[in-house]
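Chemist: First the structure, then my questions, so here it is.
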Amino acid sequence: MAEKIQMIALSPTMEEGTIVKWNLKVGDSVKTGDVLCEVETDKATMEYESSQEGTILKIVLDQGSTAKVGDMIGIIGAKGEDISAIASSPAEASPAASSDAKSASKANETPASTVQASNQDSNHASGSTKASPLARKLAADRGIDLTNVSGTGPDGRVIKRDLEGQASGKPAGQSPSASTVVSSGQDQKIQVTGKRAVIAKRLAESLFTAPHFFLTSSVAMDNLIATRNLLNKQVDPKSKVGFNAFIIKLAAEALKRHAAVNASWQGDHILQFGSIDIGLAVDLGNGLITPIVRNAANKGVYQIDQELKVLIEKAGAGTLKPDEYSGATFTISNLGSFGVEEFTAIINPPGSAILALGEVKKTPVVGENDQIVVASIMKMTVSCDHRVIDGALGGRFIAELKALLEQPARAIF
Amino acid sequence: MAEFDYDLAIIGAGPGGYVSAIRASQLGLKTVVIEKDKPGGVCGNWGCIPSKSLLSMAETFHSIKSLEAMGVKVDKTSFDYQKVHARSRAASDRSGKGVAGLLKRNKIELLSATATLTSPHELQLTTAEGKRTVTSKNILIASGSSPRVIPGFEFDEQQVLSSTGILAMDKLPESLVILGAGAIGMELAYIMNAFGVKVSVVEMLDRVLPLEDADISKVVESELKKQGITFLTSTKASDLKKSKAGISLQIETKSGQKSKLEAEKILVAVGRSPNSANLGLEKLGIAIEKGFVVTGDYYQTSVKSVFAIGDLIASPLLAHVASKEGEIAVEYIAGHGHEKRLDPSLIPGAVYTEPGVGSFGLTEAKALEQKLDISVYSFPYQGIGKANAIEKAVGLVKIVCDKKTHEILGGHVVGYSATEMIHEILLARKAELLPEDIASMVHAHPTISEGIMEAMRGIEGWAIHV
């Protein structure tokens with residue numbers, strides 16, 4: 001009996017995926033666990049391991065195509081089987097159809113534990129936004145994306161009043177957000193998929209729900225630079241410790257001393273995290289990802305650096321697992337390498353603060369005896385969620401971090 | 001030792017006070033209720049409950065006609081209104097005992113006393129034993145209202161009756177004039193007429209139930225007229241004179257025609273006045289406008305520890321409004337506040353005549369007055385199978401909704417079971433369901449509720465039984 005091959009959720013937040021490459025072609029036989037294709041999800045490129053067995057009878061979506069979770073991407077069955085009935089059935093067939101139900105249940109039985117776990121998670125998360133029928137209608141009429149609206153109705157349901165003041169999402173003329181290759185003078189429509197959609201959704205949600213405020217401080221980095229040079233002299237040149245590892249270590253120390261910053265707004269309560277898990281924003285060219293150094297306060301700079309190297313490599317290859325990039329309690333974004341002097345970053349939920357680092361630049365400063373001296377100055381800005389962090393707490397935190405960066409030895413003080 | 005005797009002291013054990021007290025106790029507040037009369041308030045003692053008891057008996061009495069249609073011969077000569085009255089009082093007693101029991105089960109102290117505020121946290125109580133003082137962190141006033149008095153028509157409760165007086169009366173008059181065709185006047189008109197009293201209703205405005213949608217008023221007026229009640233709308237009353245035989249008054253139509261109206265008694269049902277005097281509110285600087293205590297969010301008065309709810313404030317004078325306002329205030333006091341004030345568009349009103357009325361939100365006229373672009377649909381009871389079967393095929397279900405979004409703005413039902421049925425439409429509004437949601441929901445057949453489904457289908461353009 002021929003069955004559909006459906007797109008499955010390969011990450012907890014995946015709603016749709018783009019088929020990067022089919023590893024099998026029509027006529028190939030498939031065993032459970034064989035990699036059918038590679039799928040770009042919201043965060044990474046993942047391998048889609050088959051939970052079905054048989055022969056590929058049809059590839060419905062070619063590489064480069066995008067499918068929502070549950071959409072048919074191919075057909076599997078016995079060689080030579082008639083697939084006309086299944087091939088002509090609509091993509092979103094009724095779940096009561098036996099073939100559907102069967103394949104869905106099979107997907108859940110997949111032995112690959114990561115796939116199974118993410119499947120379940122996604123079932124949970126993708127329960128779609130709760131909204132009243134009226135709110136849905138109003139949103140549809142005005143072109144508002146309900147996933148960007150936070151609900152104040154029962155159990156967080158979006159109701160009419162939540163849509164008041166929401167700008168219409170229908171753009172006058174759809175223009176691409178990142179059009180670096182416009183040469184013909186014509187507007188170009190760039191399909192928003194995977195990572196881009198998630199970045200857009202989560203950061204809009206963060207900025208529009210979390211009241212942000214920003215604290216900036218100038219840090220003299222000379223001591224830290226000297227410390228790093230000193231320590232790196234003692235290690236194999238190949239395993240020189242990067243600058244970011246020091247920052248992560250010292251930020252973790254500052255968070256340990258001001259645990260209230262390492263917390264999350266949960267609507268009716270504040271969750272103070274038991275572990276300090278620091279994410280570092282990594283550029284992927286077509287998006288970004290924040291691999292996480294878990295429990296950073298309890299790790300040495302060297303260990304942090306080693307972990308970071310592996311994580312960044314994985315990020316570049318698109319092979320980070322969901323638990324390696326989700327749930328940072330604090331995030332660091334460093335745009336110093338672009339010559340950015342200072343900037344403000346959008347908080348990365350569930351954290352309540354993000355640290356934005358500018359470039360380290362030799363700057364004349366007024367010294368202790370009112371003389372002008374040259375110092376390596378870096379400007380850093382902490383964005384805080386005011387629901388969790390008040391100005392004074394943010395101030396104490398940034399002062400602590402500044403002191404630690406200027407005098408790294410304070411970390412053991 | 002605690003700073004105050006109580007977390008919350010509530011003045012009044014009516015539907016506002018006692019519900020607030022139970023909610024407060026649920027939320028862990030040490031609560032006391034002070035009541036000078038019996039628990040249950042006007043609702044339990046001289047309003048909702050005894051009048052519904054009378055109403056039920058009036059309907060039974062009225063239905064003798066249908067027994068006769070079945071060939072049953074009924075001898076009405078032994079009819080005794082005193083027995084009817086006693087049963088209505090028994091209903092009140094049960095209600096009062098129920099309230100007292102609820103308070104006890106929730107470990108709420110009920111003090112029999114009159115209370116006056118002497119400071120933002122202090123009450124002086126006058127009890128049978130003498131005066132004493134209690135202190136409380138917060139004070140909630142739910143002292144209710146009394147029948148409104150109009151000059152020249154002062155109540156003597158013998159010939160000139162208030163709603164309380166007529167419910168206390170254990171002998172039927174031969175004839176009765178009712179001043180005011182609001183909910184109270186209409187219900188008592190229906191009851192008295194059903195028991196054989198000759199009833200005339202005088203209303204200054206141009207229709208009965210002037211707050212309801214005009215279509216609703218029309219049905220009620222014509223049906224009650226058929227039952228034998230005389231309606232004098234657009235009519236002013238004056239010059240009340242009392243004699244041994246009864247009362248007489250002068251009535252004047254809009255066109256200036258004057259005539260005399262005579263009856264054994266008169267019921268003045270022209271609204272209710274808040275009981276805001278003698279509570280010591282002015283001394284504390286609590287703002288009062290036209291007798292109503294002024295409140296802000298969470299029904300807080302200008303004194304932060306003092307809250308006021310129910311008939312005492314300028315919101316619809318209804319038991320269920322008082323209860324809900326009390327819940328909102330108490331939840332805020334207990335630190336659980338979500339809702340700031342009751343949304344007036346979500347308050348149902350009910351008139352217990354037969355046919356009865358259930359309604360909420362905007363009437364068609366109000367919506368047009370607000371220049372809203374609306375769709376309106378009325379489904380007649382004649383299209384409801386059950387209503388026809390039980391010979392109650394008079395009435396309608398009227399829906400007012402936004403023309404574009406179909407948001408339900410108002411629901412109006414007149415007819416058999418209207419007071420119960422309105423809640424399906426109100427739930428739809430509260431949950432922001434659309435007419436199509438109810439239109440497509442299967443309703444059991446045969447039920448009166450099918451009329452609601454049909455009205456919603458009507459809005460969507462596909463009512464079946466018309």
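In the structure tokens, the first chain shown is A, the next is B, and so on; residue numbers restart at 1 for each chain, and ligands run from 1 in the order shown.
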If we count only C-alpha atoms and set the cut-off at 9 Å, which residues sit around region 307-311 of chain B, ignoring sequence neighbours fewer than 6 positions away in its own chain? Please answer as a ChimeraX atom specification.

Modeler: /B:15-17,138-145,272-275,292-295,298-301,317-326,329

Chemist: Using only N, CA and C atoms, please write the residues we just selected to a file, as a compact mmCIF listing (two decimals), in the first residue's frame.

Modeler:
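File produced: result36.txt:
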# COMPACT_ATOMS: atom_id res chain seq x y z
N PRO B 15 -26.91 40.37 47.23
CA PRO B 15 -26.15 39.62 46.22
C PRO B 15 -24.77 40.23 45.96
N GLY B 16 -24.60 41.52 46.22
CA GLY B 16 -23.28 42.13 46.08
C GLY B 16 -22.40 41.72 47.25
N GLY B 17 -22.91 41.92 48.46
CA GLY B 17 -22.13 41.70 49.67
C GLY B 17 -21.78 40.26 49.94
N ASN B 138 -9.52 46.73 54.48
CA ASN B 138 -10.34 47.25 53.38
C ASN B 138 -11.81 47.17 53.75
N ILE B 139 -12.58 48.09 53.15
CA ILE B 139 -14.02 48.11 53.41
C ILE B 139 -14.74 48.11 52.06
N LEU B 140 -15.71 47.21 51.93
CA LEU B 140 -16.50 47.15 50.70
C LEU B 140 -17.94 47.48 51.06
N ILE B 141 -18.46 48.52 50.40
CA ILE B 141 -19.83 48.92 50.71
C ILE B 141 -20.76 48.39 49.64
N ALA B 142 -21.74 47.62 50.08
CA ALA B 142 -22.72 47.04 49.17
C ALA B 142 -24.09 47.21 49.80
N SER B 143 -24.40 48.49 50.08
CA SER B 143 -25.61 48.76 50.86
C SER B 143 -26.86 48.85 50.00
N GLY B 144 -26.71 48.71 48.67
CA GLY B 144 -27.88 48.56 47.82
C GLY B 144 -28.69 49.81 47.58
N SER B 145 -29.98 49.61 47.31
CA SER B 145 -30.84 50.73 46.94
C SER B 145 -32.24 50.52 47.53
N ARG B 272 -34.98 52.93 41.30
CA ARG B 272 -34.49 52.77 42.67
C ARG B 272 -33.41 53.81 42.95
N SER B 273 -33.30 54.18 44.24
CA SER B 273 -32.30 55.17 44.65
C SER B 273 -31.24 54.50 45.51
N PRO B 274 -29.97 54.88 45.30
CA PRO B 274 -28.88 54.26 46.06
C PRO B 274 -28.96 54.59 47.56
N ASN B 275 -28.61 53.62 48.38
CA ASN B 275 -28.56 53.83 49.84
C ASN B 275 -27.18 54.35 50.22
N PHE B 292 -25.16 58.48 43.87
CA PHE B 292 -24.34 57.31 43.56
C PHE B 292 -22.89 57.56 43.99
N VAL B 293 -22.29 56.56 44.63
CA VAL B 293 -20.89 56.68 45.03
C VAL B 293 -20.02 56.57 43.78
N VAL B 294 -19.05 57.47 43.68
CA VAL B 294 -18.18 57.50 42.51
C VAL B 294 -17.01 56.52 42.72
N THR B 295 -16.81 55.64 41.76
CA THR B 295 -15.72 54.67 41.87
C THR B 295 -14.87 54.69 40.61
N TYR B 298 -11.57 48.87 39.55
CA TYR B 298 -11.76 47.91 40.63
C TYR B 298 -12.77 48.40 41.67
N TYR B 299 -13.60 49.38 41.28
CA TYR B 299 -14.66 49.92 42.14
C TYR B 299 -14.11 50.53 43.42
N GLN B 300 -12.92 51.11 43.29
CA GLN B 300 -12.27 51.78 44.41
C GLN B 300 -12.83 53.20 44.48
N THR B 301 -13.12 53.67 45.69
CA THR B 301 -13.59 55.04 45.84
C THR B 301 -12.38 55.97 45.96
N LEU B 317 -28.74 48.59 37.89
CA LEU B 317 -29.15 48.13 39.23
C LEU B 317 -29.69 46.71 39.13
N LEU B 318 -28.78 45.76 39.05
CA LEU B 318 -29.15 44.36 38.90
C LEU B 318 -28.32 43.53 39.86
N ALA B 319 -28.95 42.47 40.40
CA ALA B 319 -28.25 41.63 41.37
C ALA B 319 -26.96 41.06 40.79
N HIS B 320 -27.03 40.56 39.56
CA HIS B 320 -25.84 39.90 38.99
C HIS B 320 -24.73 40.89 38.69
N VAL B 321 -25.08 42.16 38.49
CA VAL B 321 -24.06 43.19 38.30
C VAL B 321 -23.34 43.42 39.62
N ALA B 322 -24.13 43.52 40.70
CA ALA B 322 -23.53 43.73 42.02
C ALA B 322 -22.58 42.59 42.38
N SER B 323 -23.01 41.35 42.13
CA SER B 323 -22.17 40.20 42.46
C SER B 323 -20.85 40.26 41.70
N LYS B 324 -20.95 40.53 40.40
CA LYS B 324 -19.74 40.54 39.56
C LYS B 324 -18.81 41.69 39.96
N GLU B 325 -19.40 42.86 40.22
CA GLU B 325 -18.56 43.99 40.63
C GLU B 325 -17.84 43.66 41.93
N GLY B 326 -18.55 43.00 42.83
CA GLY B 326 -17.94 42.59 44.09
C GLY B 326 -16.77 41.65 43.87
N ALA B 329 -13.79 43.65 42.63
CA ALA B 329 -13.17 44.44 43.69
C ALA B 329 -12.37 43.54 44.63

Chemist: Please identify every residue of chain A that has at least one atom no more than 12 Å from any atom of chain B, counting only C-alpha atoms, and report them as an NGL selection string.

Modeler: :A and (131-142 or 152-154 or 157-161 or 268)

Chemist: I'd like the interatomic distance between CA of Gly349 (chain B) and CA of Leu209 (chain B), to a tenth of an Å.

Modeler: 11.2 Å

Chemist: For a test of reading the model, state the distance in Å between CA of Met70 (chain B) and CA of Arg87 (chain B), rounded to one decimal.

Modeler: 27.5 Å

Chemist: What lies within 12 Å of Leu267 (chain B) using only C-alpha atoms, ignoring chain neighbours under 2 positions off, as a PyMOL selection string?

Modeler: chain B and resi 147-150+153-167+169+173+175-181+184-189+192+199-202+240+247+263-265+269-271

Chemist: May I have all residues of region 387-458 of chain B that DSSP, computed from the backbone, assigns to strand (DSSP E or B), given as a list in words?

Modeler: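 Here are the strand (DSSP E or B) residues of region 387-458 of chain B: Leu396, Val397, Lys398, Ile399, Val400, Cys401, Asp402, Ile408, Leu409, Gly410, Gly411, His412, Val413, Val414 and Gly415 of chain B.
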
Chemist: Identify, on the basis of only C-alpha atoms, every residue whose closest approach to Asn298 (chain A) does not exceed 9 Å; exclude the query and any residue fewer than 5 positions from it along the same chain; express the result as a list in words.

Modeler: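 Counting only C-alpha atoms, the residues come to Lys249, Ala252, Glu253 and Ile276 of chain A.
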
Chemist: For the selection you just gave me, I'd like the residues written to a file as a short mmCIF file (atom, residue, chain, number, x, y, z; two decimals), in the first residue's frame, keeping C-alpha atoms.

Modeler:
data_model
loop_
_atom_site.label_atom_id
_atom_site.label_comp_id
_atom_site.auth_asym_id
_atom_site.auth_seq_id
_atom_site.Cartn_x
_atom_site.Cartn_y
_atom_site.Cartn_z
CA LYS A 249 33.58 33.56 31.28
CA ALA A 252 29.03 34.36 33.53
CA GLU A 253 30.88 35.54 36.62
CA ILE A 276 24.08 30.21 33.46
#
